[in-house]
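Trainee: The file below is protein-v4.txt, compact mmCIF, N, CA and C atoms:
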# COMPACT_ATOMS: atom_id res chain seq x y z
N MET A 1 6.28 -6.49 -23.21
CA MET A 1 5.15 -6.42 -22.32
C MET A 1 5.09 -5.02 -21.67
N ARG A 2 6.23 -4.49 -21.31
CA ARG A 2 6.28 -3.17 -20.68
C ARG A 2 5.62 -2.12 -21.58
N LYS A 3 5.87 -2.24 -22.85
CA LYS A 3 5.31 -1.29 -23.81
C LYS A 3 3.78 -1.34 -23.79
N ILE A 4 3.23 -2.53 -23.68
CA ILE A 4 1.77 -2.69 -23.64
C ILE A 4 1.19 -2.01 -22.40
N PHE A 5 1.83 -2.24 -21.24
CA PHE A 5 1.33 -1.64 -20.01
C PHE A 5 1.46 -0.12 -20.03
N ARG A 6 2.53 0.38 -20.61
CA ARG A 6 2.67 1.84 -20.73
C ARG A 6 1.53 2.41 -21.57
N LYS A 7 1.18 1.70 -22.65
CA LYS A 7 0.08 2.14 -23.50
C LYS A 7 -1.24 2.13 -22.74
N ILE A 8 -1.45 1.09 -21.93
CA ILE A 8 -2.69 1.01 -21.14
C ILE A 8 -2.77 2.18 -20.16
N VAL A 9 -1.67 2.43 -19.46
CA VAL A 9 -1.66 3.52 -18.48
C VAL A 9 -1.84 4.86 -19.19
N LYS A 10 -1.18 5.06 -20.32
CA LYS A 10 -1.33 6.32 -21.07
C LYS A 10 -2.76 6.48 -21.59
N LYS A 11 -3.36 5.39 -22.04
CA LYS A 11 -4.74 5.44 -22.52
C LYS A 11 -5.67 5.85 -21.39
N TYR A 12 -5.46 5.27 -20.19
CA TYR A 12 -6.25 5.67 -19.02
C TYR A 12 -6.09 7.16 -18.77
N LYS A 13 -4.85 7.63 -18.79
CA LYS A 13 -4.57 9.04 -18.51
C LYS A 13 -5.31 9.94 -19.51
N LYS A 14 -5.23 9.59 -20.77
CA LYS A 14 -5.88 10.39 -21.82
C LYS A 14 -7.40 10.38 -21.64
N THR A 15 -7.96 9.21 -21.39
CA THR A 15 -9.41 9.09 -21.20
C THR A 15 -9.85 9.86 -19.96
N ALA A 16 -9.13 9.69 -18.86
CA ALA A 16 -9.47 10.38 -17.62
C ALA A 16 -9.44 11.89 -17.80
N LYS A 17 -8.43 12.37 -18.51
CA LYS A 17 -8.33 13.81 -18.76
C LYS A 17 -9.48 14.30 -19.64
N SER A 18 -9.78 13.54 -20.70
CA SER A 18 -10.79 14.00 -21.66
C SER A 18 -12.18 14.11 -21.05
N ILE A 19 -12.49 13.24 -20.10
CA ILE A 19 -13.83 13.31 -19.49
C ILE A 19 -13.80 14.02 -18.14
N GLY A 20 -12.62 14.47 -17.72
CA GLY A 20 -12.51 15.16 -16.44
C GLY A 20 -12.69 14.24 -15.25
N LEU A 21 -12.32 12.97 -15.41
CA LEU A 21 -12.53 11.98 -14.37
C LEU A 21 -11.83 12.34 -13.06
N ASN A 22 -10.58 12.74 -13.13
CA ASN A 22 -9.86 13.07 -11.91
C ASN A 22 -10.49 14.27 -11.20
N ARG A 23 -10.97 15.22 -11.96
CA ARG A 23 -11.63 16.39 -11.37
C ARG A 23 -12.93 15.98 -10.70
N ILE A 24 -13.71 15.16 -11.38
CA ILE A 24 -14.99 14.71 -10.85
C ILE A 24 -14.79 13.87 -9.59
N LEU A 25 -13.90 12.89 -9.67
CA LEU A 25 -13.67 12.01 -8.53
C LEU A 25 -12.96 12.72 -7.39
N GLY A 26 -12.24 13.77 -7.71
CA GLY A 26 -11.53 14.50 -6.67
C GLY A 26 -12.43 15.39 -5.85
N VAL A 27 -13.64 15.63 -6.29
CA VAL A 27 -14.56 16.53 -5.60
C VAL A 27 -15.24 15.85 -4.42
N SER A 28 -15.74 14.66 -4.64
CA SER A 28 -16.42 13.93 -3.56
C SER A 28 -16.53 12.47 -3.97
N ASN A 29 -16.97 11.65 -3.03
CA ASN A 29 -17.20 10.24 -3.36
C ASN A 29 -18.41 10.17 -4.28
N VAL A 30 -18.17 9.73 -5.48
CA VAL A 30 -19.25 9.66 -6.46
C VAL A 30 -20.13 8.45 -6.19
N VAL A 31 -19.53 7.37 -5.72
CA VAL A 31 -20.24 6.12 -5.48
C VAL A 31 -20.06 5.74 -4.01
N ASP A 32 -21.17 5.41 -3.36
CA ASP A 32 -21.12 4.91 -2.00
C ASP A 32 -20.22 3.68 -1.94
N ILE A 33 -19.50 3.50 -0.86
CA ILE A 33 -18.51 2.41 -0.77
C ILE A 33 -19.14 1.03 -0.93
N ASP A 34 -20.35 0.82 -0.44
CA ASP A 34 -21.01 -0.48 -0.62
C ASP A 34 -21.40 -0.72 -2.07
N VAL A 35 -21.86 0.31 -2.74
CA VAL A 35 -22.19 0.20 -4.16
C VAL A 35 -20.91 -0.03 -4.96
N TYR A 36 -19.85 0.67 -4.59
CA TYR A 36 -18.54 0.51 -5.23
C TYR A 36 -18.10 -0.95 -5.17
N LYS A 37 -18.18 -1.53 -3.98
CA LYS A 37 -17.77 -2.93 -3.80
C LYS A 37 -18.64 -3.86 -4.63
N ARG A 38 -19.94 -3.67 -4.59
CA ARG A 38 -20.85 -4.53 -5.37
C ARG A 38 -20.57 -4.41 -6.86
N ASN A 39 -20.34 -3.20 -7.35
CA ASN A 39 -20.07 -3.00 -8.77
C ASN A 39 -18.80 -3.72 -9.21
N ILE A 40 -17.74 -3.57 -8.44
CA ILE A 40 -16.48 -4.21 -8.80
C ILE A 40 -16.61 -5.73 -8.69
N GLU A 41 -17.26 -6.18 -7.64
CA GLU A 41 -17.43 -7.63 -7.47
C GLU A 41 -18.27 -8.22 -8.60
N SER A 42 -19.22 -7.48 -9.08
CA SER A 42 -20.04 -7.94 -10.19
C SER A 42 -19.18 -8.16 -11.44
N VAL A 43 -18.29 -7.24 -11.71
CA VAL A 43 -17.39 -7.39 -12.86
C VAL A 43 -16.47 -8.59 -12.65
N ILE A 44 -15.96 -8.73 -11.46
CA ILE A 44 -15.07 -9.86 -11.13
C ILE A 44 -15.79 -11.18 -11.34
N GLU A 45 -17.01 -11.27 -10.84
CA GLU A 45 -17.79 -12.51 -10.96
C GLU A 45 -18.06 -12.88 -12.42
N ARG A 46 -18.26 -11.88 -13.25
CA ARG A 46 -18.56 -12.15 -14.66
C ARG A 46 -17.30 -12.35 -15.50
N SER A 47 -16.14 -12.22 -14.89
CA SER A 47 -14.88 -12.30 -15.63
C SER A 47 -13.96 -13.36 -15.06
N LYS A 48 -14.50 -14.49 -14.73
CA LYS A 48 -13.73 -15.53 -14.04
C LYS A 48 -12.61 -16.11 -14.88
N ASP A 49 -12.68 -15.99 -16.19
CA ASP A 49 -11.63 -16.51 -17.06
C ASP A 49 -10.61 -15.44 -17.45
N THR A 50 -10.67 -14.30 -16.79
CA THR A 50 -9.81 -13.17 -17.13
C THR A 50 -9.06 -12.70 -15.89
N LYS A 51 -7.78 -12.43 -16.04
CA LYS A 51 -7.03 -11.84 -14.94
C LYS A 51 -7.44 -10.38 -14.80
N ILE A 52 -7.65 -9.97 -13.58
CA ILE A 52 -8.06 -8.59 -13.30
C ILE A 52 -7.04 -7.97 -12.36
N PHE A 53 -6.62 -6.76 -12.69
CA PHE A 53 -5.67 -6.04 -11.87
C PHE A 53 -6.37 -4.80 -11.31
N LEU A 54 -6.51 -4.76 -10.00
CA LEU A 54 -7.12 -3.63 -9.32
C LEU A 54 -6.00 -2.74 -8.79
N ILE A 55 -5.97 -1.51 -9.24
CA ILE A 55 -4.90 -0.58 -8.87
C ILE A 55 -5.44 0.40 -7.84
N SER A 56 -4.73 0.50 -6.72
CA SER A 56 -5.18 1.40 -5.65
C SER A 56 -5.18 2.85 -6.14
N THR A 57 -6.04 3.62 -5.54
CA THR A 57 -6.09 5.06 -5.80
C THR A 57 -4.95 5.71 -5.04
N ILE A 58 -4.31 6.66 -5.67
CA ILE A 58 -3.18 7.34 -5.03
C ILE A 58 -3.69 8.36 -4.00
N PRO A 59 -2.85 8.69 -3.02
CA PRO A 59 -3.27 9.68 -2.03
C PRO A 59 -3.41 11.07 -2.65
N HIS A 60 -4.20 11.87 -2.03
CA HIS A 60 -4.36 13.27 -2.43
C HIS A 60 -3.36 14.07 -1.61
N LEU A 61 -2.81 15.11 -2.18
CA LEU A 61 -1.85 15.91 -1.42
C LEU A 61 -2.54 16.71 -0.31
N ASP A 62 -3.86 16.88 -0.42
CA ASP A 62 -4.64 17.41 0.70
C ASP A 62 -4.97 16.21 1.57
N ILE A 63 -4.17 15.97 2.59
CA ILE A 63 -4.24 14.72 3.35
C ILE A 63 -5.57 14.49 4.05
N SER A 64 -6.39 15.52 4.19
CA SER A 64 -7.69 15.34 4.85
C SER A 64 -8.59 14.38 4.06
N ARG A 65 -8.30 14.16 2.80
CA ARG A 65 -9.12 13.30 1.95
C ARG A 65 -8.65 11.86 1.92
N ASN A 66 -7.49 11.59 2.48
CA ASN A 66 -6.88 10.28 2.30
C ASN A 66 -7.52 9.16 3.10
N SER A 67 -8.17 9.46 4.19
CA SER A 67 -8.81 8.37 4.94
C SER A 67 -9.92 7.72 4.10
N GLU A 68 -10.63 8.51 3.32
CA GLU A 68 -11.66 7.95 2.43
C GLU A 68 -11.03 7.15 1.31
N ILE A 69 -9.97 7.67 0.76
CA ILE A 69 -9.26 6.94 -0.32
C ILE A 69 -8.80 5.59 0.20
N MET A 70 -8.27 5.56 1.41
CA MET A 70 -7.79 4.30 1.98
C MET A 70 -8.93 3.32 2.20
N ARG A 71 -10.12 3.79 2.55
CA ARG A 71 -11.27 2.90 2.71
C ARG A 71 -11.62 2.21 1.39
N TYR A 72 -11.62 2.97 0.31
CA TYR A 72 -11.93 2.40 -1.00
C TYR A 72 -10.82 1.45 -1.45
N ASN A 73 -9.57 1.81 -1.16
CA ASN A 73 -8.46 0.93 -1.51
C ASN A 73 -8.55 -0.39 -0.74
N GLU A 74 -9.00 -0.33 0.49
CA GLU A 74 -9.15 -1.55 1.29
C GLU A 74 -10.16 -2.50 0.65
N VAL A 75 -11.21 -1.96 0.07
CA VAL A 75 -12.19 -2.78 -0.65
C VAL A 75 -11.50 -3.52 -1.79
N LEU A 76 -10.66 -2.82 -2.54
CA LEU A 76 -9.94 -3.45 -3.65
C LEU A 76 -9.03 -4.56 -3.14
N SER A 77 -8.33 -4.29 -2.07
CA SER A 77 -7.43 -5.28 -1.49
C SER A 77 -8.20 -6.52 -1.03
N GLN A 78 -9.31 -6.32 -0.36
CA GLN A 78 -10.13 -7.45 0.11
C GLN A 78 -10.65 -8.28 -1.06
N LEU A 79 -11.11 -7.62 -2.10
CA LEU A 79 -11.62 -8.35 -3.25
C LEU A 79 -10.52 -9.16 -3.93
N SER A 80 -9.33 -8.61 -3.99
CA SER A 80 -8.24 -9.36 -4.62
C SER A 80 -7.86 -10.59 -3.80
N SER A 81 -8.04 -10.51 -2.50
CA SER A 81 -7.76 -11.67 -1.64
C SER A 81 -8.81 -12.76 -1.78
N LYS A 82 -9.99 -12.36 -2.17
CA LYS A 82 -11.12 -13.29 -2.25
C LYS A 82 -11.12 -14.13 -3.53
N TYR A 83 -10.50 -13.62 -4.59
CA TYR A 83 -10.55 -14.27 -5.90
C TYR A 83 -9.14 -14.56 -6.42
N ASP A 84 -8.96 -15.77 -6.93
CA ASP A 84 -7.64 -16.17 -7.43
C ASP A 84 -7.23 -15.44 -8.70
N HIS A 85 -8.17 -14.97 -9.46
CA HIS A 85 -7.84 -14.32 -10.74
C HIS A 85 -7.77 -12.80 -10.63
N VAL A 86 -7.80 -12.29 -9.41
CA VAL A 86 -7.77 -10.83 -9.18
C VAL A 86 -6.49 -10.49 -8.42
N PHE A 87 -5.80 -9.46 -8.89
CA PHE A 87 -4.53 -9.05 -8.32
C PHE A 87 -4.60 -7.57 -7.94
N TYR A 88 -4.13 -7.27 -6.76
CA TYR A 88 -4.14 -5.90 -6.24
C TYR A 88 -2.78 -5.27 -6.45
N VAL A 89 -2.77 -4.14 -7.13
CA VAL A 89 -1.54 -3.39 -7.38
C VAL A 89 -1.57 -2.19 -6.44
N GLU A 90 -0.82 -2.30 -5.35
CA GLU A 90 -0.82 -1.28 -4.31
C GLU A 90 0.21 -0.20 -4.67
N VAL A 91 -0.29 0.99 -4.98
CA VAL A 91 0.60 2.11 -5.32
C VAL A 91 0.43 3.28 -4.35
N TYR A 92 -0.60 3.23 -3.52
CA TYR A 92 -0.87 4.32 -2.58
C TYR A 92 0.39 4.68 -1.78
N SER A 93 1.01 3.67 -1.17
CA SER A 93 2.16 3.94 -0.30
C SER A 93 3.36 4.49 -1.07
N ASP A 94 3.45 4.19 -2.35
CA ASP A 94 4.55 4.72 -3.16
C ASP A 94 4.42 6.23 -3.39
N PHE A 95 3.21 6.73 -3.26
CA PHE A 95 2.98 8.15 -3.51
C PHE A 95 3.00 9.00 -2.23
N VAL A 96 2.85 8.35 -1.08
CA VAL A 96 2.84 9.09 0.19
C VAL A 96 4.18 9.79 0.36
N ASP A 97 4.12 11.08 0.63
CA ASP A 97 5.32 11.91 0.84
C ASP A 97 6.25 11.95 -0.37
N HIS A 98 5.71 11.74 -1.56
CA HIS A 98 6.51 11.82 -2.78
C HIS A 98 5.83 12.75 -3.79
N SER A 99 5.85 14.02 -3.50
CA SER A 99 5.17 14.99 -4.38
C SER A 99 5.82 15.05 -5.75
N VAL A 100 6.97 14.42 -5.92
CA VAL A 100 7.64 14.40 -7.21
C VAL A 100 6.79 13.69 -8.27
N TYR A 101 5.81 12.89 -7.84
CA TYR A 101 4.95 12.15 -8.77
C TYR A 101 3.69 12.92 -9.17
N TYR A 102 3.52 14.15 -8.70
CA TYR A 102 2.29 14.91 -8.91
C TYR A 102 2.50 16.14 -9.79
N LEU A 103 1.46 16.43 -10.58
CA LEU A 103 1.40 17.70 -11.30
C LEU A 103 0.79 18.78 -10.39
N ASP A 104 -0.19 18.35 -9.60
CA ASP A 104 -0.88 19.23 -8.66
C ASP A 104 -1.36 18.36 -7.49
N ASN A 105 -2.31 18.81 -6.71
CA ASN A 105 -2.75 18.05 -5.54
C ASN A 105 -3.38 16.70 -5.87
N THR A 106 -3.87 16.54 -7.08
CA THR A 106 -4.64 15.35 -7.45
C THR A 106 -4.00 14.54 -8.57
N HIS A 107 -3.41 15.20 -9.55
CA HIS A 107 -3.02 14.54 -10.79
C HIS A 107 -1.56 14.11 -10.79
N MET A 108 -1.33 12.92 -11.35
CA MET A 108 0.02 12.39 -11.49
C MET A 108 0.71 13.02 -12.69
N ASN A 109 2.03 13.06 -12.62
CA ASN A 109 2.83 13.45 -13.78
C ASN A 109 3.33 12.17 -14.46
N ASP A 110 4.18 12.32 -15.46
CA ASP A 110 4.68 11.16 -16.19
C ASP A 110 5.46 10.21 -15.29
N ALA A 111 6.20 10.75 -14.32
CA ALA A 111 6.96 9.89 -13.39
C ALA A 111 6.00 9.02 -12.57
N GLY A 112 4.87 9.58 -12.18
CA GLY A 112 3.87 8.81 -11.44
C GLY A 112 3.28 7.70 -12.28
N TYR A 113 2.95 8.02 -13.52
CA TYR A 113 2.41 6.99 -14.41
C TYR A 113 3.46 5.92 -14.71
N GLU A 114 4.70 6.33 -14.82
CA GLU A 114 5.79 5.38 -15.07
C GLU A 114 5.94 4.42 -13.89
N MET A 115 5.84 4.96 -12.68
CA MET A 115 5.96 4.12 -11.48
C MET A 115 4.82 3.10 -11.43
N ILE A 116 3.60 3.54 -11.76
CA ILE A 116 2.47 2.62 -11.77
C ILE A 116 2.66 1.56 -12.85
N THR A 117 3.16 1.95 -13.99
CA THR A 117 3.44 0.99 -15.07
C THR A 117 4.40 -0.09 -14.58
N ASP A 118 5.44 0.32 -13.88
CA ASP A 118 6.41 -0.64 -13.35
C ASP A 118 5.75 -1.62 -12.37
N LYS A 119 4.93 -1.09 -11.48
CA LYS A 119 4.25 -1.95 -10.49
C LYS A 119 3.26 -2.90 -11.17
N LEU A 120 2.55 -2.40 -12.16
CA LEU A 120 1.61 -3.24 -12.90
C LEU A 120 2.34 -4.35 -13.64
N LEU A 121 3.43 -4.03 -14.26
CA LEU A 121 4.23 -5.02 -14.97
C LEU A 121 4.75 -6.08 -13.99
N SER A 122 5.23 -5.66 -12.85
CA SER A 122 5.70 -6.62 -11.82
C SER A 122 4.58 -7.55 -11.38
N MET A 123 3.41 -6.99 -11.15
CA MET A 123 2.28 -7.82 -10.70
C MET A 123 1.85 -8.76 -11.83
N TYR A 124 1.91 -8.31 -13.05
CA TYR A 124 1.57 -9.19 -14.17
C TYR A 124 2.53 -10.38 -14.22
N GLU A 125 3.80 -10.11 -14.02
CA GLU A 125 4.79 -11.20 -14.02
C GLU A 125 4.51 -12.18 -12.89
N ILE A 126 4.14 -11.68 -11.71
CA ILE A 126 3.79 -12.55 -10.60
C ILE A 126 2.56 -13.40 -10.95
N SER A 127 1.61 -12.80 -11.64
CA SER A 127 0.37 -13.51 -11.98
C SER A 127 0.60 -14.65 -12.98
N GLN A 128 1.72 -14.60 -13.67
CA GLN A 128 2.03 -15.63 -14.68
C GLN A 128 2.55 -16.91 -14.04
N LYS A 129 2.90 -16.86 -12.77
CA LYS A 129 3.49 -18.03 -12.10
C LYS A 129 2.44 -19.00 -11.63
Show the structure stored in the file as structure tokens.
Mentor:
Amino acid sequence: MRKIFRKIVKKYKKTAKSIGLNRILGVSNVVDIDVYKRNIESVIERSKDTKIFLISTIPHLDISRNSEIMRYNEVLSQLSSKYDHVFYVEVYSDFVDHSVYYLDNTHMNDAGYEMITDKLLSMYEISQK
């Protein structure tokens, strides 16, 4: 199972890099927080027979941006509490004051992706109970 989650995380990393997702999202809030919540909730509502794992956004090393990140993460946390088939994987706090997980101010290195893989795998095991 660990191998599958590593592949998922690596696939995300590759896709995000290829389209410049981290650069785009790191510039400003692309989606208003209310629209963000509605969009995610829409997916959740249409996927009632599927387990969904919402992974928090990691903090930015430029701490002035983190209050916004925390607002969006709170939306994910609230949605996971509202639905039985949705699980919140909180990784934000694991990255706070741990620059060892970063390539630069925004991007994770392999150690960061490995840590998220571990947390995702743990949450998956919890979801199986």
Trainee: As a PyMOL selection string, please: every residue in chain A that a backbone DSSP assignment puts in alpha helix (DSSP H).
Mentor: chain A and resi 2-19+21-27+33-45+66-82+92-95+110-127
Trainee: Taking only C-alpha atoms into account, name the residue in A:Asp104, A:Tyr88, A:Val75, A:Leu121 that is nearest to A:Asp34.
Mentor: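 Using only C-alpha atoms, the shortest distance to A:Asp34 belongs to A:Val75.
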Trainee: So that I can check the surroundings of A:Lys119, please list as a PyMOL selection string every protein, DNA and RNA residue that reaches within 12 Å of it, counting only C-alpha atoms and ignoring chain neighbours fewer than 4 positions away.
Mentor: chain A and resi 2+5-6+9+53-56+87-94+112-115+123-126
Trainee: Kindly export the residues of the current selection with N, CA and C atoms, as a PDB file, keeping the file's coordinate frame.
Mentor:
ATOM      1  N   ARG A   2       6.230  -4.490 -21.310  1.00  0.00           N
ATOM      2  CA  ARG A   2       6.280  -3.170 -20.680  1.00  0.00           C
ATOM      3  C   ARG A   2       5.620  -2.120 -21.580  1.00  0.00           C
ATOM      4  N   PHE A   5       1.830  -2.240 -21.240  1.00  0.00           N
ATOM      5  CA  PHE A   5       1.330  -1.640 -20.010  1.00  0.00           C
ATOM      6  C   PHE A   5       1.460  -0.120 -20.030  1.00  0.00           C
ATOM      7  N   ARG A   6       2.530   0.380 -20.610  1.00  0.00           N
ATOM      8  CA  ARG A   6       2.670   1.840 -20.730  1.00  0.00           C
ATOM      9  C   ARG A   6       1.530   2.410 -21.570  1.00  0.00           C
ATOM     10  N   VAL A   9      -1.670   2.430 -19.460  1.00  0.00           N
ATOM     11  CA  VAL A   9      -1.660   3.520 -18.480  1.00  0.00           C
ATOM     12  C   VAL A   9      -1.840   4.860 -19.190  1.00  0.00           C
ATOM     13  N   PHE A  53      -6.620  -6.760 -12.690  1.00  0.00           N
ATOM     14  CA  PHE A  53      -5.670  -6.040 -11.870  1.00  0.00           C
ATOM     15  C   PHE A  53      -6.370  -4.800 -11.310  1.00  0.00           C
ATOM     16  N   LEU A  54      -6.510  -4.760 -10.000  1.00  0.00           N
ATOM     17  CA  LEU A  54      -7.120  -3.630  -9.320  1.00  0.00           C
ATOM     18  C   LEU A  54      -6.000  -2.740  -8.790  1.00  0.00           C
ATOM     19  N   ILE A  55      -5.970  -1.510  -9.240  1.00  0.00           N
ATOM     20  CA  ILE A  55      -4.900  -0.580  -8.870  1.00  0.00           C
ATOM     21  C   ILE A  55      -5.440   0.400  -7.840  1.00  0.00           C
ATOM     22  N   SER A  56      -4.730   0.500  -6.720  1.00  0.00           N
ATOM     23  CA  SER A  56      -5.180   1.400  -5.650  1.00  0.00           C
ATOM     24  C   SER A  56      -5.180   2.850  -6.140  1.00  0.00           C
ATOM     25  N   PHE A  87      -5.800  -9.460  -8.890  1.00  0.00           N
ATOM     26  CA  PHE A  87      -4.530  -9.050  -8.320  1.00  0.00           C
ATOM     27  C   PHE A  87      -4.600  -7.570  -7.940  1.00  0.00           C
ATOM     28  N   TYR A  88      -4.130  -7.270  -6.760  1.00  0.00           N
ATOM     29  CA  TYR A  88      -4.140  -5.900  -6.240  1.00  0.00           C
ATOM     30  C   TYR A  88      -2.780  -5.270  -6.450  1.00  0.00           C
ATOM     31  N   VAL A  89      -2.770  -4.140  -7.130  1.00  0.00           N
ATOM     32  CA  VAL A  89      -1.540  -3.390  -7.380  1.00  0.00           C
ATOM     33  C   VAL A  89      -1.570  -2.190  -6.440  1.00  0.00           C
ATOM     34  N   GLU A  90      -0.820  -2.300  -5.350  1.00  0.00           N
ATOM     35  CA  GLU A  90      -0.820  -1.280  -4.310  1.00  0.00           C
ATOM     36  C   GLU A  90       0.210  -0.200  -4.670  1.00  0.00           C
ATOM     37  N   VAL A  91      -0.290   0.990  -4.980  1.00  0.00           N
ATOM     38  CA  VAL A  91       0.600   2.110  -5.320  1.00  0.00           C
ATOM     39  C   VAL A  91       0.430   3.280  -4.350  1.00  0.00           C
ATOM     40  N   TYR A  92      -0.600   3.230  -3.520  1.00  0.00           N
ATOM     41  CA  TYR A  92      -0.870   4.320  -2.580  1.00  0.00           C
ATOM     42  C   TYR A  92       0.390   4.680  -1.780  1.00  0.00           C
ATOM     43  N   SER A  93       1.010   3.670  -1.170  1.00  0.00           N
ATOM     44  CA  SER A  93       2.160   3.940  -0.300  1.00  0.00           C
ATOM     45  C   SER A  93       3.360   4.490  -1.070  1.00  0.00           C
ATOM     46  N   ASP A  94       3.450   4.190  -2.350  1.00  0.00           N
ATOM     47  CA  ASP A  94       4.550   4.720  -3.160  1.00  0.00           C
ATOM     48  C   ASP A  94       4.420   6.230  -3.390  1.00  0.00           C
ATOM     49  N   GLY A 112       4.870   9.580 -12.180  1.00  0.00           N
ATOM     50  CA  GLY A 112       3.870   8.810 -11.440  1.00  0.00           C
ATOM     51  C   GLY A 112       3.280   7.700 -12.280  1.00  0.00           C
ATOM     52  N   TYR A 113       2.950   8.020 -13.520  1.00  0.00           N
ATOM     53  CA  TYR A 113       2.410   6.990 -14.410  1.00  0.00           C
ATOM     54  C   TYR A 113       3.460   5.920 -14.710  1.00  0.00           C
ATOM     55  N   GLU A 114       4.700   6.330 -14.820  1.00  0.00           N
ATOM     56  CA  GLU A 114       5.790   5.380 -15.070  1.00  0.00           C
ATOM     57  C   GLU A 114       5.940   4.420 -13.890  1.00  0.00           C
ATOM     58  N   MET A 115       5.840   4.960 -12.680  1.00  0.00           N
ATOM     59  CA  MET A 115       5.960   4.120 -11.480  1.00  0.00           C
ATOM     60  C   MET A 115       4.820   3.100 -11.430  1.00  0.00           C
ATOM     61  N   MET A 123       3.410  -6.990 -11.150  1.00  0.00           N
ATOM     62  CA  MET A 123       2.280  -7.820 -10.700  1.00  0.00           C
ATOM     63  C   MET A 123       1.850  -8.760 -11.830  1.00  0.00           C
ATOM     64  N   TYR A 124       1.910  -8.310 -13.050  1.00  0.00           N
ATOM     65  CA  TYR A 124       1.570  -9.190 -14.170  1.00  0.00           C
ATOM     66  C   TYR A 124       2.530 -10.380 -14.220  1.00  0.00           C
ATOM     67  N   GLU A 125       3.800 -10.110 -14.020  1.00  0.00           N
ATOM     68  CA  GLU A 125       4.790 -11.200 -14.020  1.00  0.00           C
ATOM     69  C   GLU A 125       4.510 -12.180 -12.890  1.00  0.00           C
ATOM     70  N   ILE A 126       4.140 -11.680 -11.710  1.00  0.00           N
ATOM     71  CA  ILE A 126       3.790 -12.550 -10.600  1.00  0.00           C
ATOM     72  C   ILE A 126       2.560 -13.400 -10.950  1.00  0.00           C
TER      73      ILE A 126
END
Trainee: Go ahead and compute the interatomic distance for atom N of A:Ser67 and atom N of A:Asn105, in Å to one decimal.
Mentor: 15.5 Å
Trainee: State, in Å with one decimal place, the distance from atom N of A:Tyr36 to atom N of A:Glu68.
Mentor: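 Computing the Euclidean distance for atom N of A:Tyr36 and atom N of A:Glu68 yields 14.5 Å.
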Trainee: With a cut-off of 8 Å, could you pull out the residues of stretch 65-129 of chain A touching stretch 40-47 of chain A and give me the nearest pair of atoms for each, distance in Å to one decimal, using all atoms listed in the file, ordered by chain and ascending number, as CSV?
Mentor:
residue,atom,partner,partner_atom,distance
A:Leu79,CA,A:Glu41,CA,7.2
A:His85,CA,A:Ser47,C,7.6
A:Val86,CA,A:Ile44,CA,7.6
Trainee: Please compute the atom N of A:Val35-atom C of A:Lys11 distance, one decimal, in Å.
Mentor: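 If I compute the distance from atom N of A:Val35 to atom C of A:Lys11, I get 25.3 Å.
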Trainee: Which residues are close to A:Leu103, i.e. within 12 Å by only C-alpha atoms, leaving aside same-chain residues fewer than 6 positions away? Reply as a ChimeraX atom specification.
Mentor: /A:60-61,109-113
Trainee: Closest to A:Lys10 among A:Ser81, A:Thr117, A:Thr106, A:Asn39, using only C-alpha atoms?
Mentor: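 The closest residue to A:Lys10 is A:Thr117.
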Trainee: Any chance you could list, as a PDB file with N, CA and C atoms, keeping the file's coordinate frame, the residues in chain A that come up strand (DSSP E or B) when DSSP is run on the backbone?
Mentor:
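Contents of out_33.pdb, as written:
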ATOM      1  N   ILE A  52      -7.650  -9.970 -13.580  1.00  0.00           N
ATOM      2  CA  ILE A  52      -8.060  -8.590 -13.300  1.00  0.00           C
ATOM      3  C   ILE A  52      -7.040  -7.970 -12.360  1.00  0.00           C
ATOM      4  N   PHE A  53      -6.620  -6.760 -12.690  1.00  0.00           N
ATOM      5  CA  PHE A  53      -5.670  -6.040 -11.870  1.00  0.00           C
ATOM      6  C   PHE A  53      -6.370  -4.800 -11.310  1.00  0.00           C
ATOM      7  N   LEU A  54      -6.510  -4.760 -10.000  1.00  0.00           N
ATOM      8  CA  LEU A  54      -7.120  -3.630  -9.320  1.00  0.00           C
ATOM      9  C   LEU A  54      -6.000  -2.740  -8.790  1.00  0.00           C
ATOM     10  N   ILE A  55      -5.970  -1.510  -9.240  1.00  0.00           N
ATOM     11  CA  ILE A  55      -4.900  -0.580  -8.870  1.00  0.00           C
ATOM     12  C   ILE A  55      -5.440   0.400  -7.840  1.00  0.00           C
ATOM     13  N   VAL A  86      -7.800 -12.290  -9.410  1.00  0.00           N
ATOM     14  CA  VAL A  86      -7.770 -10.830  -9.180  1.00  0.00           C
ATOM     15  C   VAL A  86      -6.490 -10.490  -8.420  1.00  0.00           C
ATOM     16  N   PHE A  87      -5.800  -9.460  -8.890  1.00  0.00           N
ATOM     17  CA  PHE A  87      -4.530  -9.050  -8.320  1.00  0.00           C
ATOM     18  C   PHE A  87      -4.600  -7.570  -7.940  1.00  0.00           C
ATOM     19  N   TYR A  88      -4.130  -7.270  -6.760  1.00  0.00           N
ATOM     20  CA  TYR A  88      -4.140  -5.900  -6.240  1.00  0.00           C
ATOM     21  C   TYR A  88      -2.780  -5.270  -6.450  1.00  0.00           C
ATOM     22  N   VAL A  89      -2.770  -4.140  -7.130  1.00  0.00           N
ATOM     23  CA  VAL A  89      -1.540  -3.390  -7.380  1.00  0.00           C
ATOM     24  C   VAL A  89      -1.570  -2.190  -6.440  1.00  0.00           C
ATOM     25  N   TYR A 102       3.520  14.150  -8.700  1.00  0.00           N
ATOM     26  CA  TYR A 102       2.290  14.910  -8.910  1.00  0.00           C
ATOM     27  C   TYR A 102       2.500  16.140  -9.790  1.00  0.00           C
ATOM     28  N   MET A 108      -1.330  12.920 -11.350  1.00  0.00           N
ATOM     29  CA  MET A 108       0.020  12.390 -11.490  1.00  0.00           C
ATOM     30  C   MET A 108       0.710  13.020 -12.690  1.00  0.00           C
TER      31      MET A 108
END
